[in-house]
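**Student:** Input structure: protein-v1.cif, which contains mmCIF, C-alpha atoms.
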data_work
#
loop_
_atom_site.label_atom_id
_atom_site.label_comp_id
_atom_site.auth_asym_id
_atom_site.auth_seq_id
_atom_site.Cartn_x
_atom_site.Cartn_y
_atom_site.Cartn_z
CA MET A 205 15.66 -18.69 12.42
CA HIS A 206 18.28 -21.39 12.92
CA THR A 207 18.10 -22.84 9.41
CA ALA A 208 18.00 -19.70 7.24
CA PRO A 209 21.52 -19.02 5.93
CA LYS A 210 22.86 -15.48 6.30
CA SER A 211 22.76 -14.96 2.55
CA LEU A 212 18.97 -15.41 2.61
CA ARG A 213 18.38 -13.00 5.50
CA LEU A 214 17.59 -9.31 5.23
CA GLN A 215 20.93 -7.56 5.79
CA ILE A 216 20.60 -4.40 7.93
CA GLY A 217 23.65 -2.16 8.36
CA ILE A 218 23.96 0.06 11.45
CA PHE A 219 26.15 3.13 10.84
CA GLY A 220 27.12 6.26 12.75
CA ARG A 221 29.89 8.20 14.38
CA THR A 222 31.73 6.81 17.41
CA ASN A 223 29.83 6.77 20.70
CA VAL A 224 26.37 7.60 19.30
CA GLY A 225 25.04 4.29 20.63
CA LYS A 226 25.09 1.93 17.63
CA SER A 227 25.79 -1.15 19.74
CA SER A 228 23.30 -0.07 22.41
CA PHE A 229 20.66 0.25 19.68
CA LEU A 230 21.41 -3.29 18.45
CA ASN A 231 21.17 -4.62 22.02
CA MET A 232 17.81 -2.88 22.47
CA VAL A 233 16.40 -4.43 19.29
CA ALA A 234 17.74 -7.88 20.17
CA GLY A 235 16.53 -7.67 23.76
CA GLN A 236 19.89 -8.95 24.98
CA GLU A 237 23.55 -7.94 25.22
CA VAL A 238 24.92 -9.05 21.85
CA ALA A 239 27.44 -6.22 21.41
CA ILE A 240 29.85 -4.78 23.95
CA THR A 241 28.98 -1.21 24.92
CA SER A 242 31.09 1.41 26.67
CA PRO A 243 31.29 5.21 26.96
CA VAL A 244 34.81 4.90 25.57
CA PRO A 245 34.77 5.85 21.84
CA GLY A 246 35.81 3.09 19.45
CA THR A 247 34.62 0.15 21.56
CA THR A 248 33.33 -1.66 18.46
CA THR A 249 36.55 -2.60 16.71
CA ASP A 250 35.12 -4.79 13.95
CA VAL A 251 31.77 -5.49 12.34
CA VAL A 252 29.50 -7.35 14.76
CA GLU A 253 26.96 -9.62 13.05
CA LYS A 254 23.78 -10.63 14.86
CA ALA A 255 21.39 -13.05 13.15
CA MET A 256 17.92 -13.11 14.68
CA GLU A 257 14.25 -13.65 13.99
CA LEU A 258 12.45 -10.31 13.88
CA PRO A 259 8.70 -11.01 13.69
CA PRO A 260 6.87 -10.24 11.51
CA VAL A 261 9.72 -9.34 9.15
CA GLY A 262 11.40 -12.74 9.42
CA PRO A 263 15.07 -13.75 9.53
CA VAL A 264 17.47 -10.81 9.51
CA VAL A 265 21.14 -10.03 10.12
CA PHE A 266 22.15 -6.79 11.84
CA LEU A 267 25.62 -5.51 10.97
CA ASP A 268 26.95 -3.28 13.75
CA THR A 269 29.86 -1.24 12.39
CA GLY A 270 32.69 0.80 13.87
CA GLY A 271 32.45 4.58 13.99
CA ILE A 272 32.78 6.27 10.62
CA ASP A 273 34.83 9.05 12.27
CA ASP A 274 37.22 6.71 14.12
CA GLY A 275 40.49 8.63 14.51
CA SER A 276 42.41 5.90 16.34
CA GLU A 277 45.52 4.17 15.04
CA LEU A 278 43.46 1.41 13.48
CA GLY A 279 40.68 3.77 12.50
CA ALA A 280 41.41 3.76 8.76
CA ARG A 281 41.15 -0.03 8.61
CA ARG A 282 37.94 -0.02 10.66
CA ILE A 283 36.38 2.61 8.41
CA ASP A 284 37.33 0.57 5.35
CA ARG A 285 35.50 -2.44 6.80
CA THR A 286 32.52 -0.23 7.60
CA ARG A 287 32.37 0.95 4.00
CA ARG A 288 32.31 -2.65 2.78
CA VAL A 289 29.16 -3.23 4.84
CA PHE A 290 27.32 -0.77 2.56
CA ASP A 291 27.71 -3.32 -0.24
CA ARG A 292 25.88 -5.91 1.89
CA SER A 293 23.17 -3.72 3.37
CA ASP A 294 19.64 -4.16 2.01
CA VAL A 295 18.60 -1.47 4.53
CA SER A 296 20.82 1.15 6.20
CA ILE A 297 20.23 2.55 9.71
CA LEU A 298 22.08 5.74 10.61
CA ILE A 299 22.35 6.42 14.36
CA LEU A 300 22.56 10.11 15.27
CA ALA A 301 23.13 12.36 18.24
CA ALA A 302 20.49 15.02 18.82
CA ASP A 303 21.02 18.22 16.80
CA GLU A 304 24.34 17.01 15.38
CA TRP A 305 24.83 16.57 11.65
CA THR A 306 28.33 16.46 10.18
CA PRO A 307 30.02 15.55 6.90
CA TYR A 308 30.24 11.98 8.24
CA GLU A 309 26.44 11.71 8.21
CA ASP A 310 26.39 13.17 4.71
CA GLU A 311 28.78 10.43 3.66
CA VAL A 312 26.48 7.67 4.99
CA VAL A 313 23.51 9.19 3.16
CA ARG A 314 25.51 9.33 -0.09
CA GLU A 315 26.69 5.72 0.25
CA ALA A 316 23.12 4.54 0.88
CA GLU A 317 21.76 6.52 -2.08
CA VAL A 318 24.41 5.15 -4.46
CA ARG A 319 23.51 1.58 -3.52
CA LYS A 320 19.77 2.30 -3.41
CA SER A 321 19.71 1.07 0.19
CA PRO A 322 16.62 2.47 2.01
CA LEU A 323 17.66 4.68 4.92
CA ILE A 324 16.26 4.85 8.46
CA LEU A 325 17.46 7.70 10.70
CA VAL A 326 17.55 7.08 14.46
CA VAL A 327 18.19 9.87 16.96
CA ASN A 328 19.55 8.03 19.99
CA LYS A 329 20.09 8.94 23.65
CA CYS A 330 16.95 11.10 23.74
CA ASP A 331 16.85 10.55 27.51
CA VAL A 332 20.01 12.67 27.72
CA ARG A 333 19.14 15.25 25.06
CA ARG A 334 15.98 15.68 23.04
CA PRO A 335 16.29 16.67 19.37
CA SER A 336 14.88 20.05 18.40
CA PRO A 337 11.83 20.25 16.09
CA ALA A 338 13.99 21.98 13.48
CA PHE A 339 16.49 19.12 13.52
CA LEU A 340 13.73 16.53 13.11
CA ASP A 341 12.30 18.53 10.19
CA LYS A 342 15.75 18.48 8.59
CA LEU A 343 15.91 14.71 8.95
CA ARG A 344 12.42 14.18 7.54
CA ALA A 345 13.46 16.15 4.46
CA LYS A 346 16.03 13.40 3.83
CA THR A 347 13.73 10.44 4.55
CA PRO A 348 10.23 9.94 6.02
CA ARG A 349 11.59 7.15 8.22
CA VAL A 350 12.83 8.96 11.31
CA MET A 351 12.65 7.72 14.90
CA ILE A 352 13.96 8.79 18.30
CA CYS A 353 14.81 6.49 21.18
CA ALA A 354 16.77 5.94 24.36
CA SER A 355 18.34 2.58 23.57
CA THR A 356 19.58 1.93 27.11
CA ASP A 357 16.11 2.35 28.64
CA ARG A 358 14.57 -1.12 28.25
CA ALA A 359 11.38 0.00 30.01
CA VAL A 360 10.34 1.90 26.86
CA ARG A 361 11.72 -0.62 24.36
CA GLU A 362 8.47 -1.77 22.74
CA ALA A 363 7.50 1.49 21.00
CA PRO A 364 10.80 2.08 19.12
CA VAL A 365 11.18 -1.60 18.22
CA ASN A 366 7.63 -1.65 16.79
CA LEU A 367 8.34 1.49 14.79
CA LEU A 368 11.56 -0.03 13.46
CA LYS A 369 9.63 -3.12 12.35
CA GLN A 370 7.09 -0.91 10.62
CA TYR A 371 9.82 0.90 8.69
CA LEU A 372 11.53 -2.38 7.74
CA LEU A 373 8.25 -3.76 6.44
CA GLU A 374 7.78 -0.64 4.32
CA VAL A 375 11.16 -0.95 2.60
CA CYS A 376 12.24 -4.60 2.56
CA PRO A 377 11.76 -6.64 -0.63
CA GLU A 378 8.66 -8.84 -0.60
CA ASP A 379 10.67 -12.03 -1.12
CA TYR A 380 12.49 -11.57 2.20
CA LEU A 381 9.29 -12.02 4.20
CA ALA A 382 8.71 -15.49 5.61
CA THR A 383 5.42 -16.75 4.17
CA PRO A 384 3.69 -19.73 5.80
CA ALA A 385 1.75 -22.35 3.88
CA LEU A 386 -1.94 -21.75 3.38
CA LEU A 387 -3.21 -25.10 4.65
CA GLY A 388 -0.70 -27.78 3.62
CA ASP A 389 1.21 -27.71 6.91
CA ILE A 390 -1.85 -28.25 9.15
CA MET A 391 -2.92 -31.52 7.57
CA PRO A 392 -1.01 -34.73 6.73
CA ARG A 393 0.42 -35.43 3.30
CA GLY A 394 -2.17 -37.45 1.43
CA GLY A 395 -4.88 -36.12 3.72
CA LEU A 396 -8.29 -34.80 2.73
CA ALA A 397 -9.61 -31.27 3.14
CA VAL A 398 -13.29 -30.53 2.60
CA LEU A 399 -13.76 -27.00 1.24
CA ILE A 400 -17.23 -25.49 1.73
CA ILE A 401 -17.76 -22.88 -0.98
CA PRO A 402 -21.08 -21.02 -1.14
CA ILE A 403 -22.35 -20.24 -4.63
CA ASP A 404 -24.31 -17.04 -4.06
CA PHE A 405 -24.69 -13.55 -5.52
CA GLU A 406 -21.11 -12.64 -4.50
CA ALA A 407 -19.55 -15.59 -6.37
CA PRO A 408 -18.36 -14.60 -9.88
CA LYS A 409 -20.23 -16.40 -12.66
CA GLY A 410 -18.39 -19.50 -13.82
CA ARG A 411 -15.58 -19.08 -11.27
CA ILE A 412 -14.74 -19.29 -7.58
CA ILE A 413 -12.95 -16.54 -5.70
CA LEU A 414 -9.17 -16.25 -5.32
CA PRO A 415 -8.74 -17.53 -1.71
CA GLN A 416 -10.63 -20.71 -2.59
CA VAL A 417 -8.53 -21.26 -5.72
CA GLN A 418 -5.34 -20.74 -3.72
CA ALA A 419 -6.46 -23.23 -1.07
CA ILE A 420 -7.02 -25.91 -3.72
CA ARG A 421 -3.61 -25.21 -5.27
CA ASP A 422 -1.85 -25.24 -1.89
CA ALA A 423 -3.39 -28.62 -1.06
CA LEU A 424 -2.19 -29.99 -4.41
CA ASP A 425 1.30 -28.58 -3.81
CA HIS A 426 1.44 -30.41 -0.46
CA GLY A 427 0.22 -33.73 -1.85
CA SER A 428 -3.20 -33.47 -0.24
CA MET A 429 -6.70 -34.00 -1.63
CA THR A 430 -9.71 -31.69 -1.63
CA LEU A 431 -13.44 -32.24 -1.78
CA VAL A 432 -15.36 -29.11 -2.80
CA VAL A 433 -19.01 -28.77 -1.77
CA ARG A 434 -21.63 -26.12 -1.06
CA GLU A 435 -22.85 -25.67 2.50
CA SER A 436 -26.16 -27.28 1.53
CA GLU A 437 -24.39 -30.53 0.50
CA TYR A 438 -21.74 -30.59 3.25
CA LYS A 439 -23.57 -32.86 5.67
CA ALA A 440 -24.42 -35.35 2.92
CA ALA A 441 -20.81 -35.33 1.72
CA LEU A 442 -19.55 -36.25 5.20
CA ALA A 443 -21.99 -39.15 5.32
CA ARG A 444 -20.61 -40.57 2.08
CA LEU A 445 -16.96 -40.53 3.23
CA LYS A 446 -15.51 -43.77 4.64
CA SER A 447 -13.51 -41.78 7.21
CA VAL A 448 -13.65 -38.24 8.53
CA PRO A 449 -11.64 -35.56 6.71
CA ASP A 450 -8.42 -34.13 8.14
CA LEU A 451 -9.57 -30.54 7.77
CA VAL A 452 -12.70 -28.59 6.89
CA VAL A 453 -12.52 -25.02 5.56
CA CYS A 454 -15.54 -22.82 4.94
CA ASP A 455 -16.53 -19.32 3.96
CA SER A 456 -16.79 -17.18 7.10
CA GLN A 457 -20.43 -16.36 6.48
CA VAL A 458 -21.43 -20.00 7.09
CA VAL A 459 -18.98 -20.68 9.92
CA ASP A 460 -21.68 -21.25 12.55
CA ARG A 461 -23.42 -23.85 10.37
CA MET A 462 -20.12 -25.53 9.49
CA VAL A 463 -19.08 -25.83 13.14
CA ALA A 464 -22.48 -27.28 14.09
CA GLU A 465 -22.23 -29.96 11.39
CA THR A 466 -18.54 -30.89 11.80
CA PRO A 467 -17.57 -33.83 14.06
CA ALA A 468 -15.78 -32.64 17.20
CA GLU A 469 -12.61 -34.60 16.36
CA VAL A 470 -12.20 -32.87 12.98
CA LYS A 471 -10.16 -29.67 12.70
CA CYS A 472 -11.96 -26.82 10.98
CA THR A 473 -11.38 -23.17 10.10
CA THR A 474 -12.29 -20.56 7.48
CA PHE A 475 -10.61 -19.28 4.34
CA SER A 476 -10.25 -15.83 5.87
CA ILE A 477 -8.54 -17.22 8.97
CA LEU A 478 -6.11 -19.12 6.76
CA PHE A 479 -5.33 -15.79 5.08
CA SER A 480 -4.79 -14.06 8.43
CA ARG A 481 -1.74 -16.30 8.72
CA LEU A 482 -0.70 -16.35 5.06
CA LYS A 483 -0.86 -12.59 4.57
CA GLY A 484 -0.62 -11.28 8.13
CA ASP A 485 -0.13 -12.29 11.75
CA ILE A 486 -2.75 -14.72 13.09
CA VAL A 487 -1.52 -14.29 16.66
CA GLU A 488 -1.93 -10.51 16.68
CA MET A 489 -5.24 -10.75 14.83
CA THR A 490 -6.58 -13.33 17.28
CA ARG A 491 -5.64 -10.97 20.08
CA GLY A 492 -7.55 -8.26 18.21
CA ALA A 493 -10.66 -10.44 17.95
CA LEU A 494 -10.61 -10.93 21.71
CA ALA A 495 -10.67 -7.14 22.11
CA ILE A 496 -14.10 -6.87 20.45
CA LYS A 497 -15.83 -7.37 23.81
CA ASN A 498 -14.11 -4.21 25.12
CA LEU A 499 -15.85 -1.89 22.64
CA ARG A 500 -18.02 0.78 24.26
CA PRO A 501 -20.98 2.74 22.85
CA GLY A 502 -19.85 5.19 20.20
CA ASP A 503 -16.34 3.73 19.84
CA LYS A 504 -14.88 4.12 16.35
CA VAL A 505 -14.25 0.91 14.38
CA LEU A 506 -12.36 0.86 11.07
CA ILE A 507 -13.32 -1.80 8.54
CA SER A 508 -10.50 -2.05 6.02
CA GLU A 509 -11.67 -3.66 2.80
CA SER A 510 -8.81 -4.07 0.36
CA CYS A 511 -10.95 -4.86 -2.67
CA SER A 512 -12.33 -1.89 -4.57
CA HIS A 513 -15.80 -3.03 -5.60
CA HIS A 514 -19.30 -1.70 -5.84
CA ALA A 515 -21.16 -2.29 -2.58
CA ILE A 516 -24.14 -4.63 -2.84
CA ASP A 517 -27.05 -5.52 -0.57
CA GLY A 518 -25.73 -7.76 2.18
CA ASP A 519 -22.13 -6.58 1.65
CA ILE A 520 -19.94 -8.37 4.21
CA GLY A 521 -17.84 -5.38 5.26
CA ARG A 522 -20.35 -2.55 5.01
CA ILE A 523 -23.55 -4.30 6.10
CA LYS A 524 -23.14 -7.69 7.76
CA ILE A 525 -20.15 -7.17 10.07
CA PRO A 526 -21.46 -3.84 11.47
CA ALA A 527 -24.85 -5.49 12.11
CA TRP A 528 -23.27 -8.51 13.79
CA LEU A 529 -21.08 -6.22 15.89
CA ARG A 530 -24.06 -4.27 17.21
CA LYS A 531 -26.02 -7.44 17.93
CA TYR A 532 -23.09 -9.02 19.79
CA LEU A 533 -22.28 -5.90 21.80
CA GLY A 534 -25.86 -4.86 22.49
CA HIS A 535 -25.06 -1.25 21.63
CA ASP A 536 -24.02 0.93 18.70
CA VAL A 537 -20.51 1.69 17.50
CA THR A 538 -19.29 4.13 14.85
CA VAL A 539 -18.09 2.26 11.78
CA ARG A 540 -15.94 3.69 9.00
CA VAL A 541 -15.07 1.69 5.86
CA ALA A 542 -11.78 2.24 4.01
CA ALA A 543 -11.64 0.59 0.58
CA GLY A 544 -8.75 -0.51 -1.62
CA ARG A 545 -5.40 0.83 -0.46
CA ASP A 546 -7.06 3.77 1.29
CA PHE A 547 -5.72 2.85 4.75
CA PRO A 548 -5.68 5.90 7.06
CA PRO A 549 -2.18 7.15 7.96
CA ASP A 550 -3.31 7.86 11.52
CA VAL A 551 -5.39 5.11 13.14
CA GLY A 552 -4.99 6.25 16.74
CA ASP A 553 -8.62 7.38 17.06
CA TYR A 554 -10.00 3.89 16.43
CA LYS A 555 -10.68 1.31 19.12
CA LEU A 556 -10.57 -1.62 16.68
CA ILE A 557 -9.50 -2.30 13.09
CA ILE A 558 -11.10 -5.15 11.14
CA GLN A 559 -9.02 -6.01 8.07
CA CYS A 560 -10.44 -8.12 5.25
CA GLY A 561 -8.73 -11.35 4.22
CA SER A 562 -6.10 -9.36 2.26
CA CYS A 563 -6.26 -11.58 -0.81
CA MET A 564 -5.60 -8.48 -2.95
CA LEU A 565 -2.75 -7.17 -0.75
CA THR A 566 0.81 -8.38 -0.49
CA ARG A 567 1.98 -9.90 2.77
CA ARG A 568 4.20 -6.88 3.36
CA GLU A 569 1.28 -4.46 2.98
CA THR A 570 -0.85 -6.38 5.48
CA LEU A 571 2.00 -6.74 7.98
CA ALA A 572 2.71 -3.01 7.68
CA ARG A 573 -0.93 -2.27 8.56
CA ILE A 574 -0.73 -4.58 11.57
CA GLN A 575 2.50 -2.94 12.70
CA ARG A 576 0.97 0.53 12.30
CA ALA A 577 -1.96 -0.55 14.46
CA LYS A 578 0.38 -1.96 17.11
CA GLN A 579 2.39 1.26 17.10
CA ALA A 580 -0.83 3.20 17.76
CA GLY A 581 -1.97 0.73 20.42
CA VAL A 582 -5.08 -0.24 18.42
CA PRO A 583 -6.23 -3.90 18.30
CA ILE A 584 -6.50 -5.31 14.77
CA THR A 585 -8.25 -8.46 13.58
CA ASN A 586 -9.60 -9.74 10.27
CA TYR A 587 -12.99 -10.68 8.85
CA GLY A 588 -12.76 -14.40 9.55
CA LEU A 589 -11.57 -14.09 13.13
CA CYS A 590 -14.04 -11.28 13.83
CA ILE A 591 -17.05 -13.15 12.43
CA SER A 592 -16.09 -16.35 14.25
CA CYS A 593 -15.86 -14.39 17.50
CA LEU A 594 -19.23 -12.76 16.92
CA GLN A 595 -20.78 -16.18 16.16
CA GLY A 596 -19.27 -17.69 19.32
CA VAL A 597 -17.07 -20.25 17.54
CA LEU A 598 -13.65 -18.59 17.63
CA GLU A 599 -11.98 -21.19 19.86
CA ARG A 600 -13.18 -24.00 17.59
CA VAL A 601 -11.87 -22.52 14.33
CA ILE A 602 -8.40 -21.52 15.60
CA GLU A 603 -7.77 -25.03 16.93
CA PRO A 604 -5.46 -25.93 13.99
CA PHE A 605 -3.11 -23.06 14.94
CA ALA A 606 -1.27 -23.68 18.21
CA ASP A 607 0.06 -20.13 18.61
CA ALA A 608 -3.36 -18.54 18.07
CA LYS A 609 -4.97 -21.10 20.37
CA ALA A 610 -2.47 -20.18 23.11
CA VAL A 611 -3.48 -16.52 22.79
CA PHE A 612 -7.14 -17.49 23.19
CA LYS A 613 -6.39 -19.61 26.27
CA ASN A 614 -4.50 -16.65 27.75
CA LYS A 615 -7.38 -14.30 26.84
CA GLY A 616 -5.08 -12.24 24.63
CA LYS A 617 -2.80 -11.13 27.45
CA GLY A 618 0.97 -11.09 27.29
CA ARG A 619 3.09 -10.86 24.16
CA GLY A 620 6.13 -12.66 25.52
CA GLU A 621 9.59 -12.13 24.09
CA GLU A 622 9.22 -11.62 20.37
CA ILE A 623 12.86 -11.57 19.33
CA CYS A 624 15.96 -13.82 19.58
#
Here is a file; write its structure as structure tokens.

**Tutor:**
Amino acid sequence: MHTAPKSLRLQIGIFGRTNVGKSSFLNMVAGQEVAITSPVPGTTTDVVEKAMELPPVGPVVFLDTGGIDDGSELGARRIDRTRRVFDRSDVSILILAADEWTPYEDEVVREAEVRKSPLILVVNKCDVRRPSPAFLDKLRAKTPRVMICASTDRAVREAPVNLLKQYLLEVCPEDYLATPALLGDIMPRGGLAVLIIPIDFEAPKGRIILPQVQAIRDALDHGSMTLVVRESEYKAALARLKSVPDLVVCDSQVVDRMVAETPAEVKCTTFSILFSRLKGDIVEMTRGALAIKNLRPGDKVLISESCSHHAIDGDIGRIKIPAWLRKYLGHDVTVRVAAGRDFPPDVGDYKLIIQCGSCMLTRRETLARIQRAKQAGVPITNYGLCISCLQGVLERVIEPFADAKAVFKNKGKGRGEEIC
């Protein structure tokens, strides 16, 4: 947050007529008073810039502008500065009053369309006046990204802020998202990682799968070494080393065996857990794994498998995880599998979502799924974290990740302040 220059941050312009609550909206998102607010029209006299970290989007800059209908003596100059912000805005947010649409709003829409700046419409002050269904339908005809909020009511802040994050993830360029290293930052430069790679019926002939290839490349990029073995040779490989490795990574399906054979002082994890951080949000997905124990008989569980492949005997998503779930819980749950990019638009009926490692999805796609789950109040985890939980080794394999480990210690409770 503190080192990313403004030019490398996602630039988000906030537009609207005077006194619709642009500055109040910015303060709500930031979780603090960063812009002066007042019922007096024209309080914002110049563009207010607020740089912040907006997880999981990353570093952003909000640009709070003066009213586009400012009729004061300096109004023309303020409006000119507001128009210049359109040239900077990667995303445009238009703040509205309920059931009020004027030529000024049309002008903002036109400016955003000319610059190909994705538009988010926000109906503010809904605690004072609720928008009519017809008005909301009119807005959705202009863009699918419509939200309503009461920006001065901090008690209900989480829902609109989560929805805003979801919309930003849907429209922001992929290269704006902060992407962590795969494994290079959790081991010393020049260190050794042992990678346990099963060669079974799921392994492509003559090759190893993408997450394993990426782990090897990431280690090389960070000046580290790798030793690649099968699970059957792992114990013998450790015995031949002069010193213990700095990290051990295995396929999730052999995580229990790997943990049993790894010295207590050696950090270890799985490829899928590494990808929960690379492609998603390991903190939120760890919290989701801890919610498994809350499942009740008949609860609906969504297994989201991003690869489109022909199911085989012993398929991890369709066969093994459902069986492990039922054994762990001691009762049955209703499991639905969504394959490829067939992620349900409404996930509110599910009690848990188990996402695959996302090696075939972009980071933005995975983060958008996590945000959609959060918006619906549904816990979400991934294959590696789920399997490790079901095998009773979750605490051991999240040890390399301090933030995920803190969630485990706190039993998944409390999100803390996410922004600023």

**Student:** Which is closest to Gly561 in chain A among A:Asp455, A:Glu237, A:Glu378, A:Asp425, if we use only C-alpha atoms?

**Tutor:** A:Asp455

**Student:** Counting all atoms listed in the file, what is within 10 Å of Ala441 in chain A, bar same-chain residues fewer than 4 positions away, as a PDB file with C-alpha atoms, keeping the file's coordinate frame?

**Tutor:**
ATOM      1  CA  VAL A 398     -13.290 -30.530   2.600  1.00  0.00           C
ATOM      2  CA  LEU A 431     -13.440 -32.240  -1.780  1.00  0.00           C
ATOM      3  CA  VAL A 432     -15.360 -29.110  -2.800  1.00  0.00           C
ATOM      4  CA  VAL A 433     -19.010 -28.770  -1.770  1.00  0.00           C
ATOM      5  CA  ARG A 434     -21.630 -26.120  -1.060  1.00  0.00           C
ATOM      6  CA  GLU A 435     -22.850 -25.670   2.500  1.00  0.00           C
ATOM      7  CA  SER A 436     -26.160 -27.280   1.530  1.00  0.00           C
ATOM      8  CA  GLU A 437     -24.390 -30.530   0.500  1.00  0.00           C
ATOM      9  CA  LEU A 445     -16.960 -40.530   3.230  1.00  0.00           C
TER      10      LEU A 445
END

**Student:** (-3.7, -22.0, 16.4) in this file's frame - what residues fall within 12 Å of it? Use only C-alpha atoms and give the answer as an mmCIF file with C-alpha atoms, keeping the file's coordinate frame.

**Tutor:**
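So out_1.cif came out as:
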data_model
loop_
_atom_site.group_PDB
_atom_site.id
_atom_site.type_symbol
_atom_site.label_atom_id
_atom_site.label_comp_id
_atom_site.auth_asym_id
_atom_site.auth_seq_id
_atom_site.Cartn_x
_atom_site.Cartn_y
_atom_site.Cartn_z
ATOM 1 C CA ILE A 390 -1.850 -28.250 9.150
ATOM 2 C CA LYS A 471 -10.160 -29.670 12.700
ATOM 3 C CA CYS A 472 -11.960 -26.820 10.980
ATOM 4 C CA THR A 473 -11.380 -23.170 10.100
ATOM 5 C CA ILE A 477 -8.540 -17.220 8.970
ATOM 6 C CA LEU A 478 -6.110 -19.120 6.760
ATOM 7 C CA SER A 480 -4.790 -14.060 8.430
ATOM 8 C CA ARG A 481 -1.740 -16.300 8.720
ATOM 9 C CA ASP A 485 -0.130 -12.290 11.750
ATOM 10 C CA ILE A 486 -2.750 -14.720 13.090
ATOM 11 C CA VAL A 487 -1.520 -14.290 16.660
ATOM 12 C CA GLU A 488 -1.930 -10.510 16.680
ATOM 13 C CA MET A 489 -5.240 -10.750 14.830
ATOM 14 C CA THR A 490 -6.580 -13.330 17.280
ATOM 15 C CA ARG A 491 -5.640 -10.970 20.080
ATOM 16 C CA LEU A 589 -11.570 -14.090 13.130
ATOM 17 C CA LEU A 598 -13.650 -18.590 17.630
ATOM 18 C CA GLU A 599 -11.980 -21.190 19.860
ATOM 19 C CA ARG A 600 -13.180 -24.000 17.590
ATOM 20 C CA VAL A 601 -11.870 -22.520 14.330
ATOM 21 C CA ILE A 602 -8.400 -21.520 15.600
ATOM 22 C CA GLU A 603 -7.770 -25.030 16.930
ATOM 23 C CA PRO A 604 -5.460 -25.930 13.990
ATOM 24 C CA PHE A 605 -3.110 -23.060 14.940
ATOM 25 C CA ALA A 606 -1.270 -23.680 18.210
ATOM 26 C CA ASP A 607 0.060 -20.130 18.610
ATOM 27 C CA ALA A 608 -3.360 -18.540 18.070
ATOM 28 C CA LYS A 609 -4.970 -21.100 20.370
ATOM 29 C CA ALA A 610 -2.470 -20.180 23.110
ATOM 30 C CA VAL A 611 -3.480 -16.520 22.790
ATOM 31 C CA PHE A 612 -7.140 -17.490 23.190
ATOM 32 C CA LYS A 613 -6.390 -19.610 26.270
#

**Student:** For Ser321 in chain A, find every residue with an atom within 9 Å (counting all atoms listed in the file), except residues of its own chain fewer than 3 positions away, and show them as a ChimeraX atom specification.

**Tutor:** /A:290,293-296,315-318

**Student:** Just the number, please: distance in Å from CA of Arg334 in chain A to CA of Leu300 in chain A, one decimal.

**Tutor:**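 One can read the CA of Arg334 in chain A to CA of Leu300 in chain A distance as 11.6 Å.
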
**Student:** Run through the PyMOL selection byres ((chain A and resi 298) around 7) on the given coordinates and return the selected residues as a ChimeraX atom specification.

**Tutor:** /A:218-220,296-297,299-300,324-326

**Student:** Write the residues of the selection above to a file with C-alpha atoms, as a PDB file, in the coordinates of the input.

**Tutor:**
ATOM      1  CA  ILE A 218      23.960   0.060  11.450  1.00  0.00           C
ATOM      2  CA  PHE A 219      26.150   3.130  10.840  1.00  0.00           C
ATOM      3  CA  GLY A 220      27.120   6.260  12.750  1.00  0.00           C
ATOM      4  CA  SER A 296      20.820   1.150   6.200  1.00  0.00           C
ATOM      5  CA  ILE A 297      20.230   2.550   9.710  1.00  0.00           C
ATOM      6  CA  ILE A 299      22.350   6.420  14.360  1.00  0.00           C
ATOM      7  CA  LEU A 300      22.560  10.110  15.270  1.00  0.00           C
ATOM      8  CA  ILE A 324      16.260   4.850   8.460  1.00  0.00           C
ATOM      9  CA  LEU A 325      17.460   7.700  10.700  1.00  0.00           C
ATOM     10  CA  VAL A 326      17.550   7.080  14.460  1.00  0.00           C
TER      11      VAL A 326
END

**Student:** Which residue, A:Pro337, A:Gly596, A:Gly395, A:Pro548, has the smallest gap to Arg461 in chain A when you use all atoms listed in the file?

**Tutor:**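 Using all atoms listed in the file, the shortest distance to Arg461 in chain A belongs to A:Gly596.
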
**Student:** Quick one, how far is CA of Leu529 in chain A from CA of Ile574 in chain A?

**Tutor:**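 Taking CA of Leu529 in chain A and CA of Ile574 in chain A, their separation equals 20.9 Å.
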
**Student:** I'd like to see the residues matched by the PyMOL selection byres ((chain A and resi 419) around 9) on this file, and ideally I'd get them as a PyMOL selection string.

**Tutor:** chain A and resi 386-388+399+414-418+420-424+475+478

**Student:** Starting from the shown file, work through the PyMOL selection byres ((chain A and resi 262-273) around 6) and note down what comes out as a list in words.

**Tutor:**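 When the PyMOL selection byres ((chain A and resi 262-273) around 6) is applied to the shown file, the picked residues are Met205, Arg213, Leu214, Gln215, Ile216, Gly217, Ile218, Phe219, Gly220, Arg221, Thr222, Thr248, Thr249, Val251, Val252, Glu253, Lys254, Ala255, Met256, Glu257, Leu258, Pro259, Pro260, Val261, Asp274, Ile283, Thr286, Leu381 and Ala382 of chain A.
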
**Student:** Take every atom of range 296-312 of chain A listed in the file, pad by 4 Å on each side, and give me the axis-aligned box centre and edge lengths in Å, one decimal, as JSON.

**Tutor:**
{"center_x": 25.2, "center_y": 9.7, "center_z": 11.2, "size_x": 18.0, "size_y": 25.1, "size_z": 23.2}

**Student:** Find the residues around Val582 in chain A up to 9 Å (only C-alpha atoms counted), leave out those fewer than 3 positions away in its own chain, and share them as a list of chain:residue names.

**Tutor:**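 So, after excluding close chain neighbours, the residues are A:Gly492, A:Val551, A:Gly552, A:Asp553, A:Tyr554, A:Lys555, A:Leu556, A:Ile557, A:Arg576, A:Ala577, A:Lys578, A:Gln579.
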